[in-house]
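Asker: Sharing work.txt, compact mmCIF, C-alpha atoms:
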```
# COMPACT_ATOMS: atom_id res chain seq x y z
CA MET A 23 19.57 30.54 -14.08
CA THR A 24 19.48 33.93 -12.39
CA LEU A 25 22.57 36.06 -11.91
CA ILE A 26 22.60 35.26 -8.19
CA ASP A 27 22.51 31.52 -8.93
CA PHE A 28 25.26 32.00 -11.44
CA LEU A 29 27.49 33.85 -8.96
CA ASN A 30 26.84 31.31 -6.24
CA ARG A 31 27.82 28.55 -8.62
CA LEU A 32 30.92 30.43 -9.72
CA LEU A 33 32.01 30.92 -6.12
CA GLY A 34 31.35 27.30 -5.31
CA ARG A 35 28.71 28.15 -2.73
CA GLU A 36 26.02 26.01 -4.23
CA LYS A 37 25.93 22.69 -6.00
CA PRO A 38 23.84 22.56 -9.15
CA SER A 39 20.57 20.78 -8.43
CA GLY A 40 21.26 18.26 -11.20
CA THR A 41 24.22 16.99 -9.19
CA MET A 42 22.10 16.71 -6.07
CA ALA A 43 19.46 14.81 -8.03
CA ARG A 44 22.09 12.32 -9.21
CA GLU A 45 23.52 11.79 -5.74
CA ARG A 46 20.11 11.28 -4.17
CA LEU A 47 19.01 8.92 -6.91
CA GLN A 48 22.12 6.76 -6.70
CA LEU A 49 21.43 6.21 -3.03
CA VAL A 50 17.74 5.48 -3.38
CA LEU A 51 18.24 3.17 -6.37
CA ALA A 52 20.80 1.15 -4.43
CA HIS A 53 18.25 0.52 -1.71
CA ASP A 54 15.38 -0.08 -4.13
CA ARG A 55 17.39 -2.65 -6.05
CA SER A 56 18.45 -4.62 -3.01
CA ASP A 57 15.55 -6.57 -1.62
CA LEU A 58 17.08 -6.56 1.85
CA ASN A 59 14.99 -5.03 4.55
CA PRO A 60 16.76 -3.01 7.26
CA GLU A 61 16.59 -5.81 9.88
CA LEU A 62 18.18 -8.32 7.53
CA LEU A 63 20.85 -5.82 6.57
CA GLU A 64 21.61 -5.24 10.26
CA GLN A 65 21.78 -8.98 10.95
CA MET A 66 24.14 -9.46 8.01
CA ARG A 67 26.28 -6.58 9.26
CA ARG A 68 26.60 -8.19 12.70
CA GLU A 69 27.56 -11.54 11.23
CA ILE A 70 30.17 -10.04 8.90
CA LEU A 71 31.71 -8.20 11.84
CA GLU A 72 31.79 -11.42 13.86
CA VAL A 73 33.73 -13.22 11.16
CA VAL A 74 36.18 -10.39 10.61
CA GLN A 75 36.72 -10.00 14.35
CA ARG A 76 37.94 -13.54 14.63
CA TYR A 77 40.94 -12.63 12.49
CA VAL A 78 41.59 -9.00 13.30
CA GLU A 79 40.67 -6.51 15.97
CA ILE A 80 38.50 -3.88 14.37
CA ASP A 81 37.28 -0.51 15.45
CA ILE A 82 33.60 -1.29 15.91
CA GLU A 83 32.61 2.35 16.33
CA SER A 84 33.86 3.43 12.93
CA CYS A 85 32.71 0.41 10.95
CA ASP A 86 30.47 1.19 8.05
CA VAL A 87 28.49 -1.31 6.01
CA SER A 88 26.39 0.04 3.16
CA LEU A 89 24.94 -0.71 -0.23
CA GLU A 90 26.08 1.04 -3.38
CA THR A 91 24.98 0.64 -6.95
CA GLU A 92 26.68 1.18 -10.24
CA ASP A 93 25.60 -0.12 -13.64
CA ARG A 94 22.70 -2.12 -12.21
CA VAL A 95 25.07 -4.02 -9.93
CA THR A 96 24.49 -3.49 -6.26
CA ALA A 97 27.51 -4.03 -4.06
CA LEU A 98 27.77 -4.37 -0.32
CA LEU A 99 30.62 -2.17 0.81
CA ALA A 100 32.11 -2.68 4.25
CA ASN A 101 34.66 -0.26 5.57
CA LEU A 102 36.20 -1.86 8.68
CA PRO A 103 39.20 -0.07 10.21
CA ILE A 104 41.66 -2.62 11.62
CA ARG A 105 43.34 -2.02 14.98
CA ARG A 106 45.65 -5.02 14.77
CA ALA A 107 45.76 -8.51 13.40
CA ARG A 108 45.29 -11.42 15.76
CA PRO A 109 48.28 -13.74 15.95
CA VAL A 110 45.88 -16.66 16.28
CA PRO A 111 42.35 -16.53 14.96
CA LEU A 112 39.56 -16.92 17.49
CA PRO A 113 37.52 -20.12 17.37
CA ARG A 114 34.22 -20.22 15.57
CA PRO A 115 31.15 -20.18 17.79
CA ASP A 116 30.32 -23.73 16.67
CA GLY A 117 33.77 -24.90 17.89
CA GLY A 118 35.11 -25.74 14.44
CA THR A 119 38.68 -24.87 13.53
CA LEU A 120 39.24 -21.92 11.30
CA SER A 121 41.92 -23.31 9.09
CA GLU A 122 44.07 -26.36 8.69
CA GLY A 123 47.26 -26.31 10.74
CA SER A 124 46.43 -23.25 12.81
CA SER A 125 47.52 -23.53 16.42
CA PRO A 126 44.84 -23.80 19.07
CA PRO A 127 43.61 -20.61 20.69
CA GLU A 128 45.42 -19.17 23.70
CA PRO A 129 44.34 -20.62 27.00
CA GLY A 130 41.73 -18.46 28.65
CA SER A 131 40.39 -17.24 25.35
CA ALA A 132 38.91 -20.57 24.39
CA ASP A 133 35.44 -19.60 25.51
CA ALA A 134 35.58 -16.14 24.08
CA THR A 135 32.71 -15.60 21.73
CA PRO A 136 33.69 -13.54 18.74
CA ALA A 137 30.58 -11.43 19.01
CA ASP A 138 31.65 -10.32 22.45
CA GLU A 139 33.69 -7.25 21.89
CA GLU A 140 35.06 -6.93 25.42
CA THR A 141 36.22 -10.51 25.60
CA ALA A 142 37.81 -10.18 22.22
CA ALA A 143 39.78 -7.18 23.41
CA ASP A 144 41.33 -9.31 26.19
CA ILE A 145 43.34 -11.35 23.73
CA PRO A 146 47.07 -10.70 24.23
CA ALA A 147 48.68 -8.26 21.87
CA PRO A 148 50.57 -9.76 18.95
CA GLN A 149 54.26 -10.59 19.26
CA ASP A 150 56.93 -8.18 18.19
CA GLY A 151 57.50 -8.21 14.49
CA GLN A 152 53.93 -9.16 13.76
CA ASP A 153 52.73 -5.86 14.98
CA GLN A 154 50.37 -4.04 12.69
CA ASP A 155 50.25 -0.33 12.93
CA SER A 156 47.77 0.05 15.73
CA GLY A 157 45.81 3.02 16.95
CA ASP A 158 44.85 5.88 14.71
CA GLY A 159 46.78 4.78 11.65
CA SER A 160 44.43 1.87 11.18
CA GLU A 161 44.29 -0.13 8.00
CA THR A 162 41.14 -0.76 6.12
CA VAL A 163 39.66 -4.02 5.11
CA ALA A 164 36.82 -4.18 2.70
CA THR A 165 34.32 -6.90 2.13
CA THR A 166 32.27 -6.79 -0.97
CA ALA A 167 29.48 -8.97 -2.12
CA GLY A 168 28.15 -8.22 -5.54
CA ARG A 169 24.66 -9.07 -6.61
CA ALA A 170 24.40 -8.87 -10.35
CA LEU A 171 20.98 -7.67 -11.29
CA GLU A 172 21.50 -8.13 -14.96
CA GLU A 173 23.03 -11.01 -16.79
CA GLY A 174 26.42 -10.38 -18.28
CA ASP A 175 27.32 -7.58 -15.96
CA ALA A 176 30.76 -7.61 -14.52
CA ALA A 177 31.06 -8.55 -10.88
CA ALA A 178 30.97 -5.73 -8.42
CA GLU A 179 34.26 -4.13 -7.71
CA GLY A 180 34.57 -2.91 -4.20
CA GLY A 181 38.24 -2.28 -3.62
CA GLU A 182 38.47 1.01 -5.39
CA GLU A 183 35.51 2.57 -3.71
CA GLN A 184 36.87 2.69 -0.17
CA GLU A 185 36.93 5.86 1.73
CA ASP A 186 39.56 6.38 4.32
CA SER A 187 38.22 6.14 7.79
CA MET B 23 3.33 -10.67 -43.38
CA THR B 24 4.55 -13.45 -41.18
CA SER B 25 4.36 -13.42 -37.42
CA THR B 26 8.07 -14.11 -37.10
CA SER B 27 9.04 -10.73 -38.55
CA ALA B 28 6.66 -8.71 -36.36
CA ARG B 29 8.12 -6.75 -33.47
CA THR B 30 5.93 -6.55 -30.40
CA ILE B 31 7.14 -3.65 -28.28
CA LEU B 32 5.89 -2.58 -24.86
CA ILE B 33 5.99 1.14 -24.16
CA CYS B 34 6.06 1.71 -20.41
CA SER B 35 7.34 4.07 -17.74
CA GLY B 36 6.19 3.13 -14.25
CA LYS B 37 5.30 6.72 -13.43
CA GLY B 38 2.27 8.28 -15.07
CA GLY B 39 2.38 11.52 -17.03
CA VAL B 40 5.85 11.13 -18.54
CA GLY B 41 4.48 11.09 -22.10
CA LYS B 42 4.07 7.37 -22.73
CA THR B 43 0.82 7.56 -24.68
CA THR B 44 1.89 10.63 -26.65
CA LEU B 45 5.06 8.79 -27.60
CA THR B 46 3.13 5.67 -28.63
CA ALA B 47 0.89 7.75 -30.90
CA ASN B 48 3.74 9.71 -32.49
CA LEU B 49 6.08 6.75 -32.82
CA GLY B 50 3.30 4.68 -34.36
CA ILE B 51 2.55 7.35 -36.96
CA ALA B 52 6.26 7.95 -37.66
CA LEU B 53 6.87 4.22 -38.21
CA ALA B 54 3.82 4.01 -40.45
CA ARG B 55 5.11 6.93 -42.51
CA LEU B 56 8.37 5.04 -42.99
CA GLY B 57 6.30 2.42 -44.77
CA HIS B 58 5.80 -0.14 -42.00
CA THR B 59 2.41 -1.47 -41.00
CA VAL B 60 1.75 -0.64 -37.36
CA ALA B 61 -0.85 -1.67 -34.80
CA VAL B 62 -1.08 0.33 -31.60
CA LEU B 63 -2.72 -1.56 -28.77
CA ASP B 64 -4.11 0.47 -25.89
CA ALA B 65 -3.40 -1.73 -22.87
CA ASP B 66 -4.34 1.00 -20.42
CA PHE B 67 -7.85 -0.29 -19.81
CA GLY B 68 -8.39 1.77 -16.70
CA LEU B 69 -7.54 5.14 -18.22
CA ARG B 70 -7.56 4.83 -21.97
CA ASN B 71 -6.35 7.80 -23.99
CA LEU B 72 -4.53 6.53 -27.03
CA ASP B 73 -7.73 6.88 -29.11
CA LEU B 74 -7.96 10.56 -28.12
CA LEU B 75 -4.33 11.38 -28.95
CA LEU B 76 -4.69 9.74 -32.36
CA GLY B 77 -7.96 11.56 -33.03
CA LEU B 78 -9.80 8.24 -33.41
CA GLU B 79 -12.13 8.46 -30.40
CA ASN B 80 -15.27 8.91 -32.50
CA ARG B 81 -14.63 5.95 -34.74
CA ILE B 82 -14.52 3.19 -32.13
CA VAL B 83 -17.19 0.52 -32.52
CA TYR B 84 -15.66 -2.60 -30.98
CA THR B 85 -12.73 -2.96 -28.61
CA ALA B 86 -10.25 -5.58 -27.40
CA GLN B 87 -13.01 -6.77 -25.09
CA GLU B 88 -15.29 -7.92 -27.93
CA VAL B 89 -12.33 -9.48 -29.74
CA LEU B 90 -11.50 -11.56 -26.67
CA ALA B 91 -15.12 -12.52 -26.16
CA GLU B 92 -15.15 -13.48 -29.84
CA SER B 93 -18.26 -11.40 -30.39
CA CYS B 94 -16.45 -9.65 -33.26
CA ARG B 95 -13.50 -10.31 -35.52
CA LEU B 96 -10.19 -8.52 -34.96
CA GLU B 97 -10.59 -6.63 -38.25
CA GLN B 98 -13.90 -5.21 -37.08
CA ALA B 99 -12.38 -3.80 -33.91
CA LEU B 100 -9.28 -2.30 -35.54
CA VAL B 101 -9.63 1.41 -36.30
CA ARG B 102 -7.56 2.40 -39.30
CA HIS B 103 -6.14 5.92 -39.35
CA LYS B 104 -7.54 7.82 -42.33
CA GLN B 105 -4.52 10.05 -42.99
CA GLU B 106 -2.00 7.31 -42.28
CA PRO B 107 -3.62 4.02 -43.34
CA ASN B 108 -0.55 1.98 -42.35
CA LEU B 109 -1.56 2.54 -38.73
CA SER B 110 -4.47 0.90 -36.90
CA LEU B 111 -5.60 1.18 -33.30
CA LEU B 112 -7.01 -1.63 -31.23
CA PRO B 113 -8.94 0.29 -28.56
CA ALA B 114 -8.96 -0.62 -24.89
CA GLY B 115 -12.15 -2.18 -23.59
CA ASN B 116 -14.24 -1.30 -20.59
CA PRO B 117 -12.31 -0.66 -17.33
CA ARG B 118 -14.22 -3.61 -15.81
CA MET B 119 -12.11 -5.86 -18.04
CA LEU B 120 -9.34 -5.42 -15.48
CA GLU B 121 -11.26 -7.75 -13.18
CA TRP B 122 -10.90 -10.77 -15.42
CA LEU B 123 -8.17 -9.99 -17.95
CA THR B 124 -5.16 -12.33 -17.78
CA PRO B 125 -1.65 -12.21 -19.28
CA GLU B 126 -2.76 -15.02 -21.62
CA ASP B 127 -5.57 -12.81 -22.96
CA MET B 128 -3.07 -10.10 -23.83
CA GLN B 129 -0.74 -12.62 -25.43
CA LYS B 130 -3.62 -13.86 -27.54
CA ILE B 131 -4.50 -10.38 -28.81
CA ALA B 132 -0.88 -9.39 -29.46
CA GLY B 133 -0.29 -12.68 -31.26
CA GLN B 134 -3.21 -12.00 -33.61
CA LEU B 135 -1.92 -8.49 -34.29
CA ALA B 136 1.62 -9.78 -34.91
CA GLU B 137 0.26 -11.94 -37.73
CA ARG B 138 -1.03 -8.88 -39.56
CA PHE B 139 1.41 -6.03 -38.83
CA ASN B 140 5.17 -5.27 -38.89
CA TYR B 141 5.06 -3.49 -35.55
CA VAL B 142 2.77 -3.94 -32.56
CA LEU B 143 3.18 -1.12 -30.06
CA ILE B 144 1.59 -1.80 -26.69
CA ASP B 145 0.80 1.28 -24.62
CA ALA B 146 1.19 0.04 -21.03
CA PRO B 147 -0.67 1.53 -18.08
CA ALA B 148 1.28 3.41 -15.41
CA GLY B 149 2.20 1.48 -12.31
CA VAL B 150 3.73 -1.96 -11.79
CA GLU B 151 0.57 -3.84 -10.89
CA GLN B 152 -1.45 -6.44 -12.75
CA GLY B 153 -2.41 -4.15 -15.65
CA PHE B 154 1.26 -3.57 -16.38
CA ARG B 155 2.09 -7.26 -16.02
CA ASN B 156 -0.69 -8.23 -18.42
CA ALA B 157 0.61 -5.78 -21.01
CA ALA B 158 4.24 -6.85 -20.52
CA ALA B 159 3.34 -10.53 -20.92
CA ALA B 160 2.36 -9.81 -24.51
CA ALA B 161 5.64 -8.09 -25.49
CA ARG B 162 9.00 -9.37 -26.67
CA GLU B 163 10.90 -6.11 -26.32
CA ALA B 164 10.32 -2.86 -24.45
CA ILE B 165 10.87 0.86 -24.51
CA VAL B 166 11.04 2.61 -21.15
CA VAL B 167 10.04 6.27 -21.27
CA THR B 168 11.24 8.58 -18.54
CA ASN B 169 11.73 12.26 -17.77
CA PRO B 170 14.87 13.86 -16.34
CA GLU B 171 13.31 13.99 -12.86
CA VAL B 172 14.13 11.94 -9.79
CA SER B 173 10.69 10.39 -9.36
CA ALA B 174 10.40 9.34 -13.01
CA VAL B 175 13.90 7.84 -13.03
CA ARG B 176 13.29 5.92 -9.83
CA ASP B 177 10.03 4.47 -11.13
CA ALA B 178 11.68 3.60 -14.44
CA ASP B 179 14.33 1.67 -12.54
CA ARG B 180 11.66 -0.39 -10.81
CA VAL B 181 10.01 -1.19 -14.14
CA ILE B 182 13.34 -2.10 -15.74
CA GLY B 183 13.97 -4.61 -12.94
CA LEU B 184 10.58 -6.22 -13.66
CA LEU B 185 11.20 -6.31 -17.41
CA HIS B 186 14.54 -8.04 -16.88
CA SER B 187 12.91 -10.60 -14.62
CA MET B 188 10.34 -11.28 -17.36
CA ASP B 189 13.13 -11.90 -19.92
CA ILE B 190 11.98 -9.06 -22.15
CA ALA B 191 14.84 -7.90 -24.37
CA PRO B 192 16.06 -5.59 -25.68
CA VAL B 193 14.91 -2.87 -23.29
CA GLN B 194 15.73 0.60 -24.56
CA LEU B 195 15.40 4.03 -23.01
CA ILE B 196 13.71 7.19 -24.25
CA LEU B 197 14.27 10.41 -22.38
CA ASN B 198 11.23 12.61 -22.85
CA ARG B 199 10.58 16.28 -22.07
CA VAL B 200 14.22 17.29 -21.95
CA ARG B 201 14.80 20.98 -21.28
CA PRO B 202 18.07 21.93 -22.99
CA GLN B 203 18.56 25.16 -21.05
CA MET B 204 18.15 23.50 -17.66
CA MET B 205 20.42 20.65 -18.68
CA ALA B 206 23.09 23.09 -19.83
CA ASP B 207 22.80 24.90 -16.49
CA GLN B 208 23.21 21.54 -14.72
CA GLU B 209 19.87 22.11 -13.06
CA MET B 210 18.61 18.84 -14.50
CA LEU B 211 19.91 15.29 -14.58
CA SER B 212 21.99 14.87 -17.71
CA VAL B 213 21.27 12.43 -20.51
CA ASP B 214 24.37 10.36 -19.77
CA GLU B 215 23.74 10.28 -16.03
CA ILE B 216 20.27 8.87 -16.55
CA SER B 217 21.21 6.21 -19.08
CA ASP B 218 24.20 5.23 -16.90
CA MET B 219 22.11 4.94 -13.75
CA LEU B 220 19.44 2.91 -15.50
CA ALA B 221 22.08 0.97 -17.48
CA LEU B 222 20.00 1.02 -20.66
CA PRO B 223 20.93 1.98 -24.21
CA LEU B 224 19.39 5.29 -25.21
CA LEU B 225 17.00 4.98 -28.12
CA GLY B 226 16.45 8.69 -28.27
CA LEU B 227 15.45 11.89 -26.58
CA VAL B 228 12.56 14.24 -27.08
CA LEU B 229 12.87 17.91 -26.18
CA GLU B 230 10.16 19.71 -24.23
CA ASP B 231 7.91 21.29 -26.83
CA GLN B 232 4.68 23.28 -26.46
CA LYS B 233 3.59 22.07 -29.87
CA VAL B 234 2.96 18.65 -28.33
CA ILE B 235 0.05 20.08 -26.35
CA VAL B 236 -1.31 21.85 -29.42
CA SER B 237 -1.19 18.61 -31.40
CA THR B 238 -2.91 16.58 -28.68
CA ASN B 239 -5.61 19.26 -28.47
CA ARG B 240 -6.29 18.64 -32.13
CA GLY B 241 -5.93 14.88 -32.01
CA GLU B 242 -3.26 15.05 -34.70
CA PRO B 243 0.09 13.60 -33.64
CA LEU B 244 3.01 15.91 -34.49
CA THR B 245 4.59 13.28 -36.73
CA LEU B 246 1.49 13.20 -38.94
CA GLY B 247 2.43 16.40 -40.74
CA ASP B 248 5.75 17.78 -41.85
CA SER B 249 6.25 19.76 -38.66
CA SER B 250 9.91 20.19 -37.78
CA THR B 251 9.46 21.27 -34.18
CA PRO B 252 12.00 19.83 -31.70
CA ALA B 253 9.67 17.09 -30.45
CA ALA B 254 8.60 16.05 -33.96
CA ARG B 255 12.25 15.63 -34.95
CA GLY B 256 12.88 13.60 -31.80
CA TYR B 257 9.96 11.23 -32.49
CA ARG B 258 10.99 10.73 -36.12
CA ASN B 259 14.60 10.00 -35.19
CA ILE B 260 13.41 7.42 -32.67
CA ALA B 261 11.26 5.72 -35.30
CA ARG B 262 14.20 5.53 -37.69
CA ARG B 263 16.53 4.12 -35.04
CA LEU B 264 13.92 1.58 -34.01
CA ALA B 265 13.69 0.48 -37.63
CA GLY B 266 17.43 -0.11 -37.66
CA GLU B 267 18.72 3.09 -39.19
CA SER B 268 21.74 4.77 -37.63
CA VAL B 269 20.77 8.32 -36.66
CA PRO B 270 23.08 10.35 -34.39
CA LEU B 271 21.70 11.58 -31.08
CA ILE B 272 21.34 15.32 -30.65
CA ASP B 273 23.23 17.05 -27.87
CA PRO B 274 20.53 18.86 -25.90
CA THR B 275 22.98 21.36 -24.43
CA LYS B 276 23.71 22.60 -27.95
CA GLU B 277 20.04 23.11 -28.72
CA ARG B 278 19.71 26.28 -26.69
CA ARG B 279 18.75 29.50 -28.30
CA GLY B 280 19.15 33.13 -27.33
CA LEU B 281 21.96 35.51 -26.56
CA ARG B 282 22.29 34.71 -22.87
CA ALA B 283 22.55 31.01 -23.57
CA ARG B 284 25.24 31.52 -26.14
CA LEU B 285 27.18 33.90 -23.87
CA LEU B 286 27.04 31.46 -20.97
CA ASN B 287 28.18 28.67 -23.23
CA LYS B 288 31.11 30.75 -24.44
CA LEU B 289 32.05 31.65 -20.86
CA ARG B 290 31.82 28.01 -19.88
CA GLN B 291 34.10 26.95 -22.67
CA THR B 292 36.71 29.64 -22.09
CA THR B 293 36.88 29.40 -18.30
CA GLY B 294 36.01 25.76 -17.79
CA LEU B 295 34.77 26.87 -14.38
CA PHE B 296 31.29 25.44 -14.19
```
Would you encode the structure as structure tokens?
Answerer:
Amino acid sequence: MTLIDFLNRLLGREKPSGTMARERLQLVLAHDRSDLNPELLEQMRREILEVVQRYVEIDIESCDVSLETEDRVTALLANLPIRRARPVPLPRPDGGTLSEGSSPPEPGSADATPADEETAADIPAPQDGQDQDSGDGSETVATTAGRALEEGDAAAEGGEEQEDS
Amino acid sequence: MTSTSARTILICSGKGGVGKTTLTANLGIALARLGHTVAVLDADFGLRNLDLLLGLENRIVYTAQEVLAESCRLEQALVRHKQEPNLSLLPAGNPRMLEWLTPEDMQKIAGQLAERFNYVLIDAPAGVEQGFRNAAAAAREAIVVTNPEVSAVRDADRVIGLLHSMDIAPVQLILNRVRPQMMADQEMLSVDEISDMLALPLLGLVLEDQKVIVSTNRGEPLTLGDSSTPAARGYRNIARRLAGESVPLIDPTKERRGLRARLLNKLRQTTGLF
């Protein structure tokens, strides 16, 4: 380490290259270990968003779905900022009901396809009292799916790895 | 010697040039010096070198190829090391063997060796293709050798995934060519970072050591003599751990020499800044 390197490090101007190596490797190992190709990952991302959108309005622009790896377990981390909860879940595309005892969808929204963002946004706002904090103070929902690559490994934990949107 | 007590260990890395063959030679000699009988099997048929590193290249008559073709007995092909008679090499055959060799062939050879020796060390070829799969098919456990560099770690990870899928266990890690100064300066991946990322237990580490080149030039593995250079100590500790002895790991960041290193270390400890 030269004196210049040393001073840069001391002043926090430059990360040590060992740290950069670790960060880069963690990313590349996560992708190497998951056998998903980019198209499949994109398709899965779209379908996850569809499901979540049936229950809550989410901020599509700031959604982030990525793979992370720790201890040979690759986890799918989804960071989906919520605008507001839906009072009544949207119907599934196949017409099935979402849950037992839920009331039927609002008239006019019956043919709304969950994948259609604009239609979804037309759903009336929730009643008073049910109101989630909407707008910029959005909540975060995380979906994780762990794929254990080694027997005996603990399941992936996703909840603690969220970043605020 | 019964076949049940023999340990058949694959030594592999994915990436070439990380020191796999040098490790096989030194580990084999070190184990032999501990009193175990050891066979080293050169499974790198395309680019064989284990004979050269052991200094046995001029004594090869038959190879694994003739053993498989049953044109010679196993004992005729084995080359016993003169200075360390507990160790024998089964040389790799002609590179053209790769065209017809199967995993079953390798299992057959390793099985015969396991009947006669305590340890069978299989020096795998680089890569993850058929040559590697043939070698891995013959092993029960594995040692993955890597260097503290991004490309070596990534390739090791790929190999580890394959070993797990082949139900080879245990798989242990050896970190080779560690540079203590660079590690202390955080200009190199640390030992813990690498074993965490690869999620493997660390069997040992070997410090970068110019004496390794000198010893390969001579065809005399470092562990053959009483050399106490950093790499020789690393190899010997690995052999003892492999044989079940509990030997503490060295801390590479404490292995630095020189005034500047000691001053930096002192500064680091007192300020806690970097």
Asker: With a distance cut-off of 12 Å and all atoms listed in the file, select the neighbouring residues of Ala28 (chain B), excluding the residue or stretch itself and same-chain residues fewer than 2 positions from it, and output the selection as a PyMOL selection string.
Answerer: chain B and resi 23-26+30-31+58-61+132-143+161-163+265
Asker: For Leu56 (chain B), which residue out of B:Leu224, B:Leu264, B:Ala174, B:Val83 is the nearest one, using all atoms listed in the file?
Answerer: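 Nearest candidate to Leu56 (chain B) out of B:Leu224, B:Leu264, B:Ala174, B:Val83: B:Leu264.
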Asker: With a distance cut-off of 10 Å and all atoms listed in the file, select the neighbouring residues of Asn156 (chain B), excluding the residue or stretch itself and same-chain residues fewer than 2 positions from it, and output the selection as a PyMOL selection string.
Answerer: chain B and resi 65+120+123-129+146-147+151-154+158-161
Asker: What would the file look like if the residues just selected were written as a tab-separated table (two decimals), in the coordinates of the input with C-alpha atoms?
Answerer:
```
chain	number	residue	atom	x	y	z
B	65	ALA	CA	-3.40	-1.73	-22.87
B	120	LEU	CA	-9.34	-5.42	-15.48
B	123	LEU	CA	-8.17	-9.99	-17.95
B	124	THR	CA	-5.16	-12.33	-17.78
B	125	PRO	CA	-1.65	-12.21	-19.28
B	126	GLU	CA	-2.76	-15.02	-21.62
B	127	ASP	CA	-5.57	-12.81	-22.96
B	128	MET	CA	-3.07	-10.10	-23.83
B	129	GLN	CA	-0.74	-12.62	-25.43
B	146	ALA	CA	1.19	0.04	-21.03
B	147	PRO	CA	-0.67	1.53	-18.08
B	151	GLU	CA	0.57	-3.84	-10.89
B	152	GLN	CA	-1.45	-6.44	-12.75
B	153	GLY	CA	-2.41	-4.15	-15.65
B	154	PHE	CA	1.26	-3.57	-16.38
B	158	ALA	CA	4.24	-6.85	-20.52
B	159	ALA	CA	3.34	-10.53	-20.92
B	160	ALA	CA	2.36	-9.81	-24.51
B	161	ALA	CA	5.64	-8.09	-25.49
```
Asker: Up to 12 Å from chain A, what residues of chain B turn up? Count all atoms listed in the file and give them as a PyMOL selection string.
Answerer: chain B and resi 170-191+193+203-223+282-283+286+289-290+293-296
Asker: Restricted to C-alpha atoms, what would the selected residues look like written as an mmCIF file, in the frame of the given file?
Answerer:
```
data_model
loop_
_atom_site.group_PDB
_atom_site.id
_atom_site.type_symbol
_atom_site.label_atom_id
_atom_site.label_comp_id
_atom_site.auth_asym_id
_atom_site.auth_seq_id
_atom_site.Cartn_x
_atom_site.Cartn_y
_atom_site.Cartn_z
ATOM 1 C CA PRO B 170 14.870 13.860 -16.340
ATOM 2 C CA GLU B 171 13.310 13.990 -12.860
ATOM 3 C CA VAL B 172 14.130 11.940 -9.790
ATOM 4 C CA SER B 173 10.690 10.390 -9.360
ATOM 5 C CA ALA B 174 10.400 9.340 -13.010
ATOM 6 C CA VAL B 175 13.900 7.840 -13.030
ATOM 7 C CA ARG B 176 13.290 5.920 -9.830
ATOM 8 C CA ASP B 177 10.030 4.470 -11.130
ATOM 9 C CA ALA B 178 11.680 3.600 -14.440
ATOM 10 C CA ASP B 179 14.330 1.670 -12.540
ATOM 11 C CA ARG B 180 11.660 -0.390 -10.810
ATOM 12 C CA VAL B 181 10.010 -1.190 -14.140
ATOM 13 C CA ILE B 182 13.340 -2.100 -15.740
ATOM 14 C CA GLY B 183 13.970 -4.610 -12.940
ATOM 15 C CA LEU B 184 10.580 -6.220 -13.660
ATOM 16 C CA LEU B 185 11.200 -6.310 -17.410
ATOM 17 C CA HIS B 186 14.540 -8.040 -16.880
ATOM 18 C CA SER B 187 12.910 -10.600 -14.620
ATOM 19 C CA MET B 188 10.340 -11.280 -17.360
ATOM 20 C CA ASP B 189 13.130 -11.900 -19.920
ATOM 21 C CA ILE B 190 11.980 -9.060 -22.150
ATOM 22 C CA ALA B 191 14.840 -7.900 -24.370
ATOM 23 C CA VAL B 193 14.910 -2.870 -23.290
ATOM 24 C CA GLN B 203 18.560 25.160 -21.050
ATOM 25 C CA MET B 204 18.150 23.500 -17.660
ATOM 26 C CA MET B 205 20.420 20.650 -18.680
ATOM 27 C CA ALA B 206 23.090 23.090 -19.830
ATOM 28 C CA ASP B 207 22.800 24.900 -16.490
ATOM 29 C CA GLN B 208 23.210 21.540 -14.720
ATOM 30 C CA GLU B 209 19.870 22.110 -13.060
ATOM 31 C CA MET B 210 18.610 18.840 -14.500
ATOM 32 C CA LEU B 211 19.910 15.290 -14.580
ATOM 33 C CA SER B 212 21.990 14.870 -17.710
ATOM 34 C CA VAL B 213 21.270 12.430 -20.510
ATOM 35 C CA ASP B 214 24.370 10.360 -19.770
ATOM 36 C CA GLU B 215 23.740 10.280 -16.030
ATOM 37 C CA ILE B 216 20.270 8.870 -16.550
ATOM 38 C CA SER B 217 21.210 6.210 -19.080
ATOM 39 C CA ASP B 218 24.200 5.230 -16.900
ATOM 40 C CA MET B 219 22.110 4.940 -13.750
ATOM 41 C CA LEU B 220 19.440 2.910 -15.500
ATOM 42 C CA ALA B 221 22.080 0.970 -17.480
ATOM 43 C CA LEU B 222 20.000 1.020 -20.660
ATOM 44 C CA PRO B 223 20.930 1.980 -24.210
ATOM 45 C CA ARG B 282 22.290 34.710 -22.870
ATOM 46 C CA ALA B 283 22.550 31.010 -23.570
ATOM 47 C CA LEU B 286 27.040 31.460 -20.970
ATOM 48 C CA LEU B 289 32.050 31.650 -20.860
ATOM 49 C CA ARG B 290 31.820 28.010 -19.880
ATOM 50 C CA THR B 293 36.880 29.400 -18.300
ATOM 51 C CA GLY B 294 36.010 25.760 -17.790
ATOM 52 C CA LEU B 295 34.770 26.870 -14.380
ATOM 53 C CA PHE B 296 31.290 25.440 -14.190
#
```
Asker: Could you state the separation of CA of Ala107 (chain A) and CA of Val73 (chain A) in Å, given to one decimal place?
Answerer: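 Between these atoms lies a distance of 13.1 Å.
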Asker: Residues within 12 Å of Glu97 (chain B), please, as number ranges by chain. Count all atoms listed in the file; anything in the same chain fewer than 2 positions from it doesn't count.
Answerer: B: 61, 83-86, 88-89, 92-95, 99-102, 110-112, 131, 134-135, 138
